[in-house]
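Asker: For reference, the file model-v3.cif (mmCIF, C-alpha atoms) is included below:
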data_input
#
loop_
_atom_site.label_atom_id
_atom_site.label_comp_id
_atom_site.auth_asym_id
_atom_site.auth_seq_id
_atom_site.Cartn_x
_atom_site.Cartn_y
_atom_site.Cartn_z
CA MET R 19 0.00 0.00 0.00
CA SER R 20 2.73 2.42 1.01
CA MET R 21 4.58 1.38 -2.19
CA ASP R 22 1.52 2.34 -4.19
CA ASN R 23 1.31 5.68 -2.44
CA LYS R 24 4.94 6.41 -3.14
CA LEU R 25 4.47 5.52 -6.77
CA MET R 26 1.44 7.74 -6.97
CA ALA R 27 3.31 10.61 -5.34
CA THR R 28 6.26 10.33 -7.71
CA THR R 29 4.00 10.12 -10.73
CA LEU R 30 2.20 13.25 -9.61
CA MET R 31 5.45 15.04 -8.87
CA LEU R 32 6.62 14.25 -12.36
CA CYS R 33 3.37 14.95 -14.13
CA ILE R 34 2.36 18.24 -12.55
CA PRO R 35 5.43 20.21 -13.71
CA CYS R 36 5.07 18.70 -17.17
CA ILE R 37 1.42 19.68 -17.38
CA LEU R 38 2.21 23.17 -16.10
CA ILE R 39 4.95 23.58 -18.70
CA ILE R 40 2.58 22.46 -21.45
CA ILE R 41 -0.14 24.87 -20.26
CA ARG R 42 2.37 27.70 -20.14
CA LEU R 43 3.64 26.80 -23.60
CA LEU R 44 0.11 26.81 -24.95
CA CYS R 45 -0.32 30.27 -23.46
CA VAL R 46 2.78 31.80 -25.00
CA LEU R 47 3.48 29.82 -28.16
CA PRO R 48 2.58 32.11 -31.06
CA SER R 49 2.08 29.15 -33.37
CA VAL R 50 -0.70 27.84 -31.13
CA LYS R 51 -2.30 31.23 -30.53
CA ALA R 52 -2.20 32.08 -34.19
CA SER R 53 -4.49 29.23 -35.09
CA ALA R 54 -6.92 30.18 -32.33
CA ASN R 55 -7.41 33.81 -33.27
CA SER R 56 -6.00 33.98 -36.78
CA LYS R 57 -2.83 35.95 -37.42
CA GLN R 58 -3.79 38.85 -35.20
CA THR R 59 -2.75 38.28 -31.62
CA LYS R 60 -5.04 39.94 -29.13
CA HIS R 61 -2.63 39.99 -26.23
CA ASN R 62 -0.54 42.84 -27.44
CA ILE R 63 -0.15 44.76 -24.24
CA LEU R 64 3.51 45.33 -23.70
CA ARG R 65 5.20 45.63 -20.38
CA ASN R 66 6.58 49.02 -21.27
CA ASP R 67 5.11 52.31 -20.18
CA LYS R 68 3.40 54.06 -23.03
CA CYS R 69 5.72 57.06 -22.70
CA GLN R 70 8.82 55.00 -23.35
CA PRO R 71 9.73 54.40 -26.97
CA THR R 72 9.32 50.88 -28.28
CA ARG R 73 12.59 48.99 -28.21
CA ILE R 74 13.50 47.25 -31.44
CA MET R 75 16.38 44.84 -31.69
CA ALA R 76 17.57 44.02 -35.20
CA LEU R 77 20.03 41.25 -35.89
CA LEU R 78 22.59 41.78 -38.64
CA GLY R 79 23.83 38.35 -39.59
CA SER R 80 26.60 38.94 -42.15
CA GLY R 81 26.74 39.23 -45.92
CA GLY R 82 23.43 38.85 -47.69
CA HIS R 83 21.37 38.69 -44.50
CA THR R 84 22.72 42.05 -43.36
CA GLY R 85 22.03 43.56 -46.76
CA GLU R 86 18.43 42.39 -46.68
CA MET R 87 17.87 43.58 -43.12
CA VAL R 88 19.25 47.02 -43.92
CA ARG R 89 16.90 47.28 -46.91
CA LEU R 90 13.95 46.17 -44.81
CA LEU R 91 14.74 48.72 -42.11
CA SER R 92 15.15 51.55 -44.62
CA ASP R 93 11.41 51.24 -45.20
CA MET R 94 10.60 51.79 -41.49
CA GLU R 95 10.06 54.88 -39.36
CA LEU R 96 13.07 54.04 -37.24
CA GLU R 97 13.20 57.43 -35.56
CA LYS R 98 10.18 56.38 -33.48
CA TYR R 99 12.09 53.56 -31.84
CA GLN R 100 14.93 52.82 -29.50
CA LEU R 101 17.13 50.68 -31.72
CA THR R 102 19.66 48.03 -30.72
CA TRP R 103 21.84 46.22 -33.24
CA LEU R 104 22.98 42.66 -32.75
CA VAL R 105 26.09 41.86 -34.78
CA SER R 106 28.38 38.85 -34.97
CA GLU R 107 31.92 39.17 -33.74
CA GLY R 108 34.40 40.29 -36.37
CA ASP R 109 31.69 41.47 -38.74
CA SER R 110 32.93 44.98 -39.49
CA THR R 111 30.92 45.23 -42.73
CA SER R 112 27.65 44.89 -40.82
CA LEU R 113 28.80 47.52 -38.32
CA LEU R 114 29.43 49.91 -41.21
CA LYS R 115 26.03 49.17 -42.74
CA ALA R 116 24.34 49.74 -39.39
CA ARG R 117 26.03 53.14 -39.11
CA GLY R 118 24.90 53.81 -42.66
CA VAL R 119 21.28 53.22 -41.68
CA GLU R 120 21.63 55.52 -38.68
CA GLU R 121 23.10 58.27 -40.84
CA SER R 122 20.49 57.94 -43.59
CA LYS R 123 17.73 58.19 -41.00
CA THR R 124 19.61 60.77 -38.90
CA LEU R 125 19.20 58.60 -35.85
CA SER R 126 21.25 59.00 -32.74
CA LYS R 127 23.79 56.22 -32.41
CA ALA R 128 22.07 53.01 -31.47
CA GLU R 129 23.30 50.46 -29.00
CA PHE R 130 25.41 47.53 -30.24
CA ILE R 131 25.61 44.03 -28.89
CA VAL R 132 28.33 41.78 -30.31
CA LEU R 133 27.57 38.06 -30.42
CA ALA R 134 29.81 35.02 -30.79
CA ARG R 135 29.28 33.38 -34.16
CA ALA R 136 26.98 30.37 -34.16
CA ARG R 137 28.54 28.45 -36.98
CA LYS R 138 31.08 29.21 -39.61
CA VAL R 139 30.22 28.24 -43.19
CA GLY R 140 31.51 24.73 -43.89
CA GLU R 141 32.31 23.93 -40.26
CA PRO R 142 32.01 20.22 -39.33
CA LEU R 143 28.81 19.33 -37.48
CA VAL R 144 30.43 18.33 -34.17
CA LEU R 145 32.44 21.54 -33.99
CA SER R 146 29.40 23.55 -34.97
CA LEU R 147 27.46 21.99 -32.08
CA PHE R 148 30.14 23.18 -29.69
CA SER R 149 30.25 26.68 -31.16
CA THR R 150 26.45 26.82 -31.11
CA LEU R 151 26.48 26.12 -27.38
CA ARG R 152 29.17 28.75 -26.84
CA SER R 153 27.14 31.18 -28.88
CA LEU R 154 24.00 30.37 -26.88
CA TYR R 155 25.78 31.06 -23.60
CA SER R 156 27.33 34.29 -24.82
CA THR R 157 23.99 35.40 -26.26
CA ALA R 158 22.15 34.70 -23.03
CA THR R 159 24.58 36.61 -20.82
CA LYS R 160 24.79 39.61 -23.14
CA LEU R 161 21.07 39.89 -23.77
CA TYR R 162 20.22 39.50 -20.12
CA LYS R 163 22.36 42.49 -19.20
CA THR R 164 20.53 44.86 -21.56
CA ALA R 165 16.97 46.13 -21.52
CA LEU R 166 14.95 43.51 -23.32
CA PRO R 167 13.48 44.58 -26.65
CA ASP R 168 9.76 44.79 -27.36
CA ILE R 169 10.35 43.57 -30.89
CA LEU R 170 13.08 41.34 -32.23
CA LEU R 171 13.63 41.50 -36.00
CA ILE R 172 15.51 38.56 -37.52
CA ASN R 173 15.95 37.28 -41.06
CA GLY R 174 17.70 33.96 -41.03
CA PRO R 175 21.41 33.92 -40.17
CA GLY R 176 22.43 31.10 -37.81
CA THR R 177 22.94 33.48 -34.88
CA CYS R 178 19.26 34.42 -34.87
CA VAL R 179 18.17 31.02 -33.57
CA PRO R 180 19.74 31.17 -30.08
CA VAL R 181 18.73 34.82 -29.74
CA ALA R 182 15.11 34.07 -30.62
CA TYR R 183 14.95 31.04 -28.34
CA PHE R 184 16.49 32.85 -25.42
CA LEU R 185 14.04 35.75 -25.68
CA PHE R 186 11.18 33.30 -26.11
CA PHE R 187 12.38 31.38 -23.05
CA LEU R 188 12.33 34.58 -20.99
CA ARG R 189 8.77 35.18 -22.09
CA PHE R 190 7.92 31.58 -21.28
CA VAL R 191 9.09 31.94 -17.69
CA GLY R 192 7.45 35.34 -17.39
CA LEU R 193 10.65 37.44 -17.34
CA GLY R 194 10.37 38.80 -20.88
CA HIS R 195 7.84 40.21 -23.27
CA THR R 196 9.65 40.28 -26.62
CA ARG R 197 7.61 39.69 -29.79
CA ILE R 198 9.60 38.05 -32.56
CA VAL R 199 9.25 38.98 -36.24
CA TYR R 200 11.03 36.77 -38.76
CA ILE R 201 11.50 37.72 -42.41
CA GLU R 202 12.78 34.83 -44.50
CA SER R 203 15.58 35.69 -46.91
CA MET R 204 14.47 36.36 -50.47
CA ALA R 205 16.97 33.70 -51.51
CA ARG R 206 14.49 31.10 -50.23
CA VAL R 207 11.99 30.40 -52.97
CA ASN R 208 10.72 26.85 -52.42
CA GLY R 209 11.94 25.82 -48.98
CA LEU R 210 12.54 27.54 -45.64
CA SER R 211 16.06 27.93 -44.32
CA LEU R 212 17.06 25.80 -41.33
CA SER R 213 16.87 28.91 -39.13
CA GLY R 214 13.39 29.60 -40.47
CA LYS R 215 12.18 26.09 -39.68
CA LEU R 216 13.68 26.24 -36.20
CA VAL R 217 12.13 29.56 -35.18
CA LEU R 218 8.78 29.18 -36.98
CA PRO R 219 6.90 27.92 -33.89
CA ILE R 220 8.11 30.72 -31.62
CA CYS R 221 7.78 33.71 -33.96
CA ASP R 222 4.83 36.03 -33.53
CA ARG R 223 4.94 37.00 -37.18
CA PHE R 224 6.64 35.03 -39.93
CA VAL R 225 7.06 36.66 -43.32
CA VAL R 226 8.22 34.96 -46.53
CA GLN R 227 9.05 36.62 -49.84
CA TRP R 228 7.92 34.00 -52.33
CA ARG R 229 4.44 32.56 -52.77
CA PRO R 230 5.35 28.83 -52.72
CA LEU R 231 6.52 29.21 -49.11
CA ALA R 232 3.27 30.87 -48.05
CA VAL R 233 1.35 27.99 -49.61
CA LYS R 234 3.50 25.42 -47.83
CA TYR R 235 3.45 26.97 -44.34
CA HIS R 236 0.08 28.23 -43.15
CA ARG R 237 1.55 30.68 -40.63
CA ALA R 238 3.77 32.34 -43.21
CA GLU R 239 2.64 35.74 -44.48
CA TYR R 240 3.38 36.78 -48.05
CA TYR R 241 3.35 40.31 -49.47
CA GLY R 242 5.74 39.93 -52.40
CA LEU R 243 9.45 40.76 -52.52
CA LEU R 244 10.08 43.26 -49.73
CA ILE R 245 13.59 44.40 -50.53
CA MET D 23 27.05 51.19 -82.23
CA ASP D 24 27.83 53.33 -79.20
CA GLU D 25 31.49 52.85 -78.47
CA ARG D 26 31.49 54.32 -75.00
CA LYS D 27 29.54 51.86 -72.95
CA THR D 28 30.26 50.93 -69.34
CA ILE D 29 30.13 47.40 -67.94
CA LEU D 30 30.22 46.69 -64.22
CA PHE D 31 31.26 43.42 -62.56
CA LEU D 32 30.04 42.83 -59.01
CA THR D 33 31.61 39.83 -57.31
CA GLY D 34 30.28 40.30 -53.78
CA ALA D 35 31.70 41.91 -50.67
CA THR D 36 32.82 38.80 -48.81
CA VAL D 37 34.39 35.75 -50.44
CA THR D 38 36.46 36.34 -53.60
CA PHE D 39 34.52 34.93 -56.56
CA LYS D 40 37.57 33.40 -58.20
CA PRO D 41 35.95 31.59 -61.17
CA LEU D 42 34.42 34.86 -62.43
CA LEU D 43 37.62 36.86 -61.89
CA ASN D 44 39.65 34.12 -63.61
CA HIS D 45 37.44 34.52 -66.63
CA VAL D 46 37.19 38.30 -66.67
CA VAL D 47 40.74 39.38 -65.83
CA THR D 48 42.33 38.02 -69.01
CA PRO D 49 43.49 39.93 -72.11
CA LYS D 50 41.15 37.79 -74.23
CA PHE D 51 37.99 38.69 -72.34
CA LEU D 52 38.87 42.35 -71.80
CA ARG D 53 39.65 42.70 -75.50
CA PHE D 54 36.31 41.07 -76.30
CA LEU D 55 34.57 43.70 -74.16
CA LYS D 56 36.38 46.48 -75.96
CA VAL D 57 35.41 45.06 -79.34
CA GLU D 58 31.79 44.96 -78.17
CA GLY D 59 32.00 48.68 -77.38
CA PHE D 60 32.66 48.72 -73.65
CA SER D 61 35.35 51.34 -73.24
CA ARG D 62 34.87 51.52 -69.50
CA ILE D 63 35.11 48.40 -67.37
CA ILE D 64 34.49 48.51 -63.64
CA ILE D 65 35.49 45.48 -61.59
CA GLN D 66 34.54 45.07 -57.94
CA TYR D 67 36.81 42.16 -57.07
CA GLY D 68 35.73 41.41 -53.49
CA ASN D 69 36.58 42.33 -49.96
CA GLU D 70 37.94 39.12 -48.49
CA LYS D 71 40.60 39.70 -45.83
CA ASP D 72 43.19 37.53 -44.13
CA ALA D 73 43.85 37.44 -40.39
CA GLU D 74 46.10 40.55 -40.61
CA GLY D 75 43.40 42.52 -42.41
CA ASN D 76 45.10 42.49 -45.81
CA SER D 77 42.77 42.20 -48.76
CA THR D 78 43.23 38.75 -50.24
CA SER D 79 40.76 39.68 -52.98
CA LYS D 80 42.97 42.55 -54.12
CA HIS D 81 45.99 40.28 -53.98
CA TYR D 82 44.18 37.74 -56.13
CA PHE D 83 43.18 40.40 -58.63
CA SER D 84 46.75 41.71 -58.92
CA GLN D 85 48.02 38.17 -59.28
CA LEU D 86 45.68 37.58 -62.23
CA LEU D 87 46.84 40.81 -63.89
CA ALA D 88 50.44 39.69 -63.60
CA GLU D 89 49.83 36.04 -64.49
CA HIS D 90 48.10 36.86 -67.76
CA ASN D 91 50.36 39.81 -68.63
CA VAL D 92 47.20 41.92 -68.90
CA MET D 93 48.94 45.28 -68.62
CA GLU D 94 51.52 44.54 -71.31
CA THR D 95 49.24 42.69 -73.70
CA LEU D 96 46.60 45.41 -73.70
CA ASP D 97 49.11 48.24 -73.39
CA LEU D 98 47.63 49.57 -70.14
CA ASP D 99 49.12 51.96 -67.62
CA VAL D 100 48.17 52.70 -64.05
CA LEU D 101 46.32 55.97 -64.57
CA ASN D 102 45.41 56.60 -61.00
CA GLU D 103 45.45 54.97 -57.61
CA THR D 104 43.86 56.39 -54.47
CA ASN D 105 46.22 57.02 -51.57
CA ASP D 106 44.97 54.03 -49.63
CA LYS D 107 45.28 51.94 -52.83
CA SER D 108 41.59 51.04 -52.56
CA ILE D 109 40.71 52.11 -56.11
CA THR D 110 43.00 51.42 -59.05
CA THR D 111 42.40 52.82 -62.51
CA LEU D 112 44.18 51.18 -65.43
CA GLY D 113 43.90 52.22 -69.00
CA ASN D 114 45.01 53.77 -72.23
CA LEU D 115 43.37 56.17 -74.66
CA SER D 116 40.60 53.80 -75.66
CA LEU D 117 40.04 51.63 -72.58
CA LYS D 118 39.62 52.36 -68.92
CA ILE D 119 39.48 49.72 -66.20
CA GLU D 120 38.52 50.76 -62.70
CA ALA D 121 39.02 48.14 -59.97
CA PHE D 122 38.18 48.15 -56.28
CA GLY D 123 37.31 45.69 -53.54
CA PHE D 124 34.41 47.45 -51.94
CA SER D 125 32.61 50.73 -52.44
CA ASP D 126 30.38 52.84 -50.20
CA ASP D 127 28.69 54.06 -53.33
CA ILE D 128 27.97 50.87 -55.21
CA ASN D 129 24.66 52.34 -56.38
CA GLY D 130 26.55 55.20 -58.03
CA HIS D 131 28.60 52.69 -60.01
CA ILE D 132 25.50 50.74 -60.97
CA ARG D 133 23.78 53.93 -62.18
CA ARG D 134 26.72 54.68 -64.48
CA ALA D 135 26.76 51.17 -65.94
CA ASP D 136 24.99 50.12 -69.13
CA LEU D 137 25.23 46.45 -68.23
CA VAL D 138 25.83 44.77 -64.88
CA VAL D 139 27.37 41.32 -64.48
CA SER D 140 26.86 40.19 -60.90
CA HIS D 141 27.52 37.24 -58.63
CA GLY D 142 24.44 35.49 -57.26
CA GLY D 143 24.19 37.29 -53.91
CA THR D 144 20.80 38.81 -53.22
CA GLY D 145 22.35 42.16 -52.28
CA SER D 146 24.03 42.76 -55.63
CA ILE D 147 21.11 41.31 -57.58
CA MET D 148 18.61 43.59 -55.88
CA ASP D 149 20.90 46.63 -56.09
CA ALA D 150 21.00 46.22 -59.88
CA LEU D 151 17.34 45.29 -60.34
CA ARG D 152 16.06 48.13 -58.17
CA LEU D 153 18.04 50.55 -60.36
CA LYS D 154 16.46 48.86 -63.40
CA LYS D 155 19.74 47.82 -64.99
CA PRO D 156 20.17 45.00 -67.50
CA LEU D 157 21.61 42.20 -65.40
CA LEU D 158 23.52 39.00 -66.05
CA VAL D 159 24.04 36.83 -62.98
CA VAL D 160 26.85 34.30 -62.66
CA THR D 161 26.03 31.88 -59.84
CA ASN D 162 28.83 30.23 -57.90
CA ASP D 163 28.72 26.44 -57.85
CA LEU D 164 31.55 26.27 -55.33
CA LEU D 165 29.45 27.64 -52.48
CA MET D 166 27.91 25.07 -50.16
CA GLU D 167 24.33 25.34 -48.94
CA ASP D 168 23.86 28.40 -51.03
CA HIS D 169 20.70 29.40 -52.77
CA GLN D 170 22.11 31.58 -55.51
CA LYS D 171 20.84 29.23 -58.20
CA GLU D 172 17.38 29.11 -56.70
CA ILE D 173 16.94 32.87 -56.51
CA ALA D 174 18.68 33.66 -59.80
CA GLY D 175 16.67 30.94 -61.53
CA GLN D 176 13.38 32.26 -60.17
CA LEU D 177 14.14 35.86 -61.18
CA GLU D 178 15.28 34.66 -64.60
CA HIS D 179 12.06 32.66 -64.93
CA GLU D 180 10.15 35.91 -64.30
CA GLY D 181 12.23 37.66 -66.95
CA HIS D 182 14.13 40.09 -64.70
CA LEU D 183 17.65 38.88 -65.48
CA ARG D 184 19.66 36.23 -67.30
CA ALA D 185 21.52 33.66 -65.23
CA LEU D 186 24.41 31.30 -65.84
CA SER D 187 26.65 29.28 -63.58
CA ASN D 188 30.40 29.64 -63.27
CA ARG D 189 30.66 26.23 -65.00
CA GLN D 190 29.29 27.82 -68.18
CA LEU D 191 32.02 30.49 -68.26
CA PRO D 192 34.67 28.44 -70.13
CA GLY D 193 32.07 27.56 -72.78
CA GLY D 194 31.58 31.22 -73.67
CA THR D 195 28.00 31.66 -72.41
CA LEU D 196 28.79 35.02 -70.82
CA GLU D 197 30.24 36.31 -74.10
CA GLU D 198 27.13 35.13 -75.97
CA LEU D 199 24.83 36.96 -73.56
CA ILE D 200 26.92 40.14 -73.73
CA LYS D 201 26.78 40.01 -77.53
CA LEU D 202 22.99 39.59 -77.40
CA PHE D 203 22.79 42.59 -75.07
CA VAL D 204 24.89 44.73 -77.41
CA GLN D 205 22.67 43.70 -80.33
CA GLY D 206 19.63 44.74 -78.31
CA LYS D 207 18.29 41.21 -78.27
CA LEU D 208 18.08 40.78 -74.50
CA LYS D 209 14.71 41.82 -73.17
CA PHE D 210 14.03 42.18 -69.47
CA THR D 211 10.83 42.81 -67.55
CA GLU D 212 11.00 45.36 -64.77
CA LEU D 213 10.75 44.10 -61.21
CA PRO D 214 7.64 45.55 -59.53
CA GLU D 215 8.34 48.01 -56.70
CA PRO D 216 8.23 46.42 -53.24
CA PRO D 217 5.04 47.05 -51.25
CA LYS D 218 5.53 49.98 -48.89
CA GLY D 219 5.59 49.76 -45.11
CA VAL D 220 4.89 46.03 -44.66
CA LEU D 221 7.33 45.57 -41.80
CA GLN D 222 6.27 48.89 -40.26
CA GLU D 223 2.65 47.71 -40.26
CA ILE D 224 3.60 44.41 -38.61
CA VAL D 225 5.54 46.21 -35.88
CA ASN D 226 2.64 48.65 -35.40
CA GLU D 227 0.23 45.76 -34.99
CA LEU D 228 2.44 44.02 -32.46
CA THR D 229 2.96 47.15 -30.38
CA ALA D 230 -0.55 48.61 -30.66
#
Write the structure described by the file as structure tokens, please.

Answerer:
Amino acid sequence: MSMDNKLMATTLMLCIPCILIIIRLLCVLPSVKASANSKQTKHNILRNDKCQPTRIMALLGSGGHTGEMVRLLSDMELEKYQLTWLVSEGDSTSLLKARGVEESKTLSKAEFIVLARARKVGEPLVLSLFSTLRSLYSTATKLYKTALPDILLINGPGTCVPVAYFLFFLRFVGLGHTRIVYIESMARVNGLSLSGKLVLPICDRFVVQWRPLAVKYHRAEYYGLLI
Amino acid sequence: MDERKTILFLTGATVTFKPLLNHVVTPKFLRFLKVEGFSRIIIQYGNEKDAEGNSTSKHYFSQLLAEHNVMETLDLDVLNETNDKSITTLGNLSLKIEAFGFSDDINGHIRRADLVVSHGGTGSIMDALRLKKPLLVVTNDLLMEDHQKEIAGQLEHEGHLRALSNRQLPGGTLEELIKLFVQGKLKFTELPEPPKGVLQEIVNELTA
């Protein structure tokens, strides 16, 4: 009898946290909410005071990703926002492009956060696992020290995955409030990038630039080529 | 035929696109361009750097010039070089070649060009298409997990550019396309303007 009780107690102890985690996930996962009340989320109240400007964090990945992000941002009223750039270590080209955006929009200098690279092109899988973990740790510590953004804008470089998951995790445990917007690279015509597939469930808005992708993924929004 | 046309080669700002440079920086190809009426040739050779910050792209470009005896064969002189050696102008009375690794004003160069030959990166492709320039894209087969072919193929399918792969360079496909352009036989459809304020609207909705 006492054995049975013990078993029951352990089962409960194991089950309750699991159930709670699932309930919490259902509450915060954009992919679940999206199907419930279409693409418009109703719970848009941000933690911030209304008088404070909205904080936008934009990730500049390197090469083509940076170029696309800069073009996307040039179409925004950036002066309304408090902007933070996320750049990979050693990526001086992206730094220059970011400064270029600030100058063209006559913005005051935005904050910069430098991240460890997630994975170098052509790196073996085992090594890339290690560097991904290193990148995750460095991302977490650096992001946690700054004021969390209201909106995270990402467009597909490898570094965006740990950043997105960390900010989503903070929201999951109730410490964050960041909404994530993903814009798939225009280079993806028929299939999502690995980053895109990985962050799809946790993004509040997911934009693609070619119609076949919008047909394939029901949460993907399509408006044509944006850049 | 207008004898004073400008052709611009964009090879990307990161990795040196060696197959395209190998093909372009030869007396044979440069002479072909001149015969086709391009008296001004602009070559953006790449911005790849080694650990010490030296431009390996520039080194590669210079190496090709020397290897193929380009200066001597075409009777070119160094007309001008900026103090930091970032822009080199080579030429003679009838031909001018401007070469640089990276430019802050790439759009200015594109505007001045009659024809753009670009690598398959989305940045260069869109820079040229947004300025409504005739565009030939050479995709790089050497890149792993790259989607240059996919995007260039799609845009070619829609009539906005003509695409070829670096494997087609030795067969003379690029020369054929340039000839067709000079003869006015390449027709392109304009890329529609991007919809305005899409991302702004999304951010507005999320912060409302």

Asker: What residues come out when you apply the PyMOL selection byres ((chain D) within 12 of (chain R)) to this file, written as a PyMOL selection string?

Answerer: chain D and resi 34-37+68-71+73+75+124-127+141-149+151-152+164-177+213-230

Asker: Residues at most 12 Å from Leu218 (chain R), counting only C-alpha atoms, excluding those fewer than 2 positions away in the same chain, as an MDAnalysis selection string?

Answerer: chainID R and resid 47:50 52 172:174 178:179 182:183 186 198:202 210:216 220:226 235:239

Asker: Between CA of Leu43 (chain R) and CA of Val233 (chain R), measure the distance and give it in Å to one decimal.

Answerer: 26.1 Å

Asker: Take the PyMOL selection byres ((chain R and resi 164) around 12), apply it to the structure above, and return the hits as a list in words.

Answerer: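 Taken on the displayed file, the PyMOL selection byres ((chain R and resi 164) around 12) yields the residues Arg73, Met75, Thr102, Trp103, Leu104, Glu129, Phe130, Ile131, Thr157, Ala158, Thr159, Lys160, Leu161, Tyr162, Lys163, Ala165, Leu166, Pro167, Leu185 and Gly194 of chain R.
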
Asker: Please dump the current selection as an mmCIF file, in the frame of the given file; keep C-alpha atoms.

Answerer:
data_model
loop_
_atom_site.group_PDB
_atom_site.id
_atom_site.type_symbol
_atom_site.label_atom_id
_atom_site.label_comp_id
_atom_site.auth_asym_id
_atom_site.auth_seq_id
_atom_site.Cartn_x
_atom_site.Cartn_y
_atom_site.Cartn_z
ATOM 1 C CA ARG R 73 12.590 48.990 -28.210
ATOM 2 C CA MET R 75 16.380 44.840 -31.690
ATOM 3 C CA THR R 102 19.660 48.030 -30.720
ATOM 4 C CA TRP R 103 21.840 46.220 -33.240
ATOM 5 C CA LEU R 104 22.980 42.660 -32.750
ATOM 6 C CA GLU R 129 23.300 50.460 -29.000
ATOM 7 C CA PHE R 130 25.410 47.530 -30.240
ATOM 8 C CA ILE R 131 25.610 44.030 -28.890
ATOM 9 C CA THR R 157 23.990 35.400 -26.260
ATOM 10 C CA ALA R 158 22.150 34.700 -23.030
ATOM 11 C CA THR R 159 24.580 36.610 -20.820
ATOM 12 C CA LYS R 160 24.790 39.610 -23.140
ATOM 13 C CA LEU R 161 21.070 39.890 -23.770
ATOM 14 C CA TYR R 162 20.220 39.500 -20.120
ATOM 15 C CA LYS R 163 22.360 42.490 -19.200
ATOM 16 C CA ALA R 165 16.970 46.130 -21.520
ATOM 17 C CA LEU R 166 14.950 43.510 -23.320
ATOM 18 C CA PRO R 167 13.480 44.580 -26.650
ATOM 19 C CA LEU R 185 14.040 35.750 -25.680
ATOM 20 C CA GLY R 194 10.370 38.800 -20.880
#

Asker: Could you tell me how far CA of Tyr99 (chain R) lies from CA of Ala76 (chain R), in Å and to one decimal?

Answerer: 11.5 Å

Asker: Identify all residues satisfying the PyMOL selection byres ((chain D and resi 198-200) around 9) in the given file; provide them as a tab-separated table (two decimals) with C-alpha atoms, keeping the file's coordinate frame.

Answerer:
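Listing of selection.tsv after writing:
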chain	number	residue	atom	x	y	z
D	55	LEU	CA	34.57	43.70	-74.16
D	58	GLU	CA	31.79	44.96	-78.17
D	137	LEU	CA	25.23	46.45	-68.23
D	158	LEU	CA	23.52	39.00	-66.05
D	184	ARG	CA	19.66	36.23	-67.30
D	194	GLY	CA	31.58	31.22	-73.67
D	195	THR	CA	28.00	31.66	-72.41
D	196	LEU	CA	28.79	35.02	-70.82
D	197	GLU	CA	30.24	36.31	-74.10
D	201	LYS	CA	26.78	40.01	-77.53
D	202	LEU	CA	22.99	39.59	-77.40
D	203	PHE	CA	22.79	42.59	-75.07
D	204	VAL	CA	24.89	44.73	-77.41
D	205	GLN	CA	22.67	43.70	-80.33
D	208	LEU	CA	18.08	40.78	-74.50

Asker: Starting from the block above, write region 107-118 of chain R out to a file with N, CA and C atoms, as a PDB file, in the first residue's frame, please.

Answerer:
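File produced: result.pdb:
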ATOM      1  N   GLU R 107      30.566  38.706 -33.976  1.00  0.00           N
ATOM      2  CA  GLU R 107      31.923  39.169 -33.737  1.00  0.00           C
ATOM      3  C   GLU R 107      32.718  39.185 -35.039  1.00  0.00           C
ATOM      4  N   GLY R 108      33.527  40.207 -35.190  1.00  0.00           N
ATOM      5  CA  GLY R 108      34.403  40.294 -36.370  1.00  0.00           C
ATOM      6  C   GLY R 108      33.702  40.740 -37.635  1.00  0.00           C
ATOM      7  N   ASP R 109      32.432  41.097 -37.535  1.00  0.00           N
ATOM      8  CA  ASP R 109      31.690  41.474 -38.741  1.00  0.00           C
ATOM      9  C   ASP R 109      31.682  42.995 -38.893  1.00  0.00           C
ATOM     10  N   SER R 110      32.809  43.527 -39.408  1.00  0.00           N
ATOM     11  CA  SER R 110      32.929  44.983 -39.488  1.00  0.00           C
ATOM     12  C   SER R 110      32.042  45.556 -40.597  1.00  0.00           C
ATOM     13  N   THR R 111      31.769  44.745 -41.631  1.00  0.00           N
ATOM     14  CA  THR R 111      30.917  45.226 -42.728  1.00  0.00           C
ATOM     15  C   THR R 111      29.515  45.547 -42.206  1.00  0.00           C
ATOM     16  N   SER R 112      28.987  44.654 -41.364  1.00  0.00           N
ATOM     17  CA  SER R 112      27.647  44.890 -40.820  1.00  0.00           C
ATOM     18  C   SER R 112      27.626  46.132 -39.942  1.00  0.00           C
ATOM     19  N   LEU R 113      28.705  46.326 -39.165  1.00  0.00           N
ATOM     20  CA  LEU R 113      28.796  47.524 -38.317  1.00  0.00           C
ATOM     21  C   LEU R 113      28.696  48.774 -39.181  1.00  0.00           C
ATOM     22  N   LEU R 114      29.443  48.765 -40.295  1.00  0.00           N
ATOM     23  CA  LEU R 114      29.425  49.909 -41.208  1.00  0.00           C
ATOM     24  C   LEU R 114      28.029  50.141 -41.762  1.00  0.00           C
ATOM     25  N   LYS R 115      27.369  49.046 -42.155  1.00  0.00           N
ATOM     26  CA  LYS R 115      26.035  49.166 -42.737  1.00  0.00           C
ATOM     27  C   LYS R 115      25.052  49.709 -41.701  1.00  0.00           C
ATOM     28  N   ALA R 116      25.217  49.264 -40.456  1.00  0.00           N
ATOM     29  CA  ALA R 116      24.339  49.744 -39.395  1.00  0.00           C
ATOM     30  C   ALA R 116      24.511  51.250 -39.224  1.00  0.00           C
ATOM     31  N   ARG R 117      25.762  51.696 -39.219  1.00  0.00           N
ATOM     32  CA  ARG R 117      26.033  53.144 -39.109  1.00  0.00           C
ATOM     33  C   ARG R 117      25.423  53.881 -40.302  1.00  0.00           C
ATOM     34  N   GLY R 118      25.483  53.223 -41.462  1.00  0.00           N
ATOM     35  CA  GLY R 118      24.904  53.813 -42.662  1.00  0.00           C
ATOM     36  C   GLY R 118      23.410  54.058 -42.499  1.00  0.00           C
TER      37      GLY R 118
END
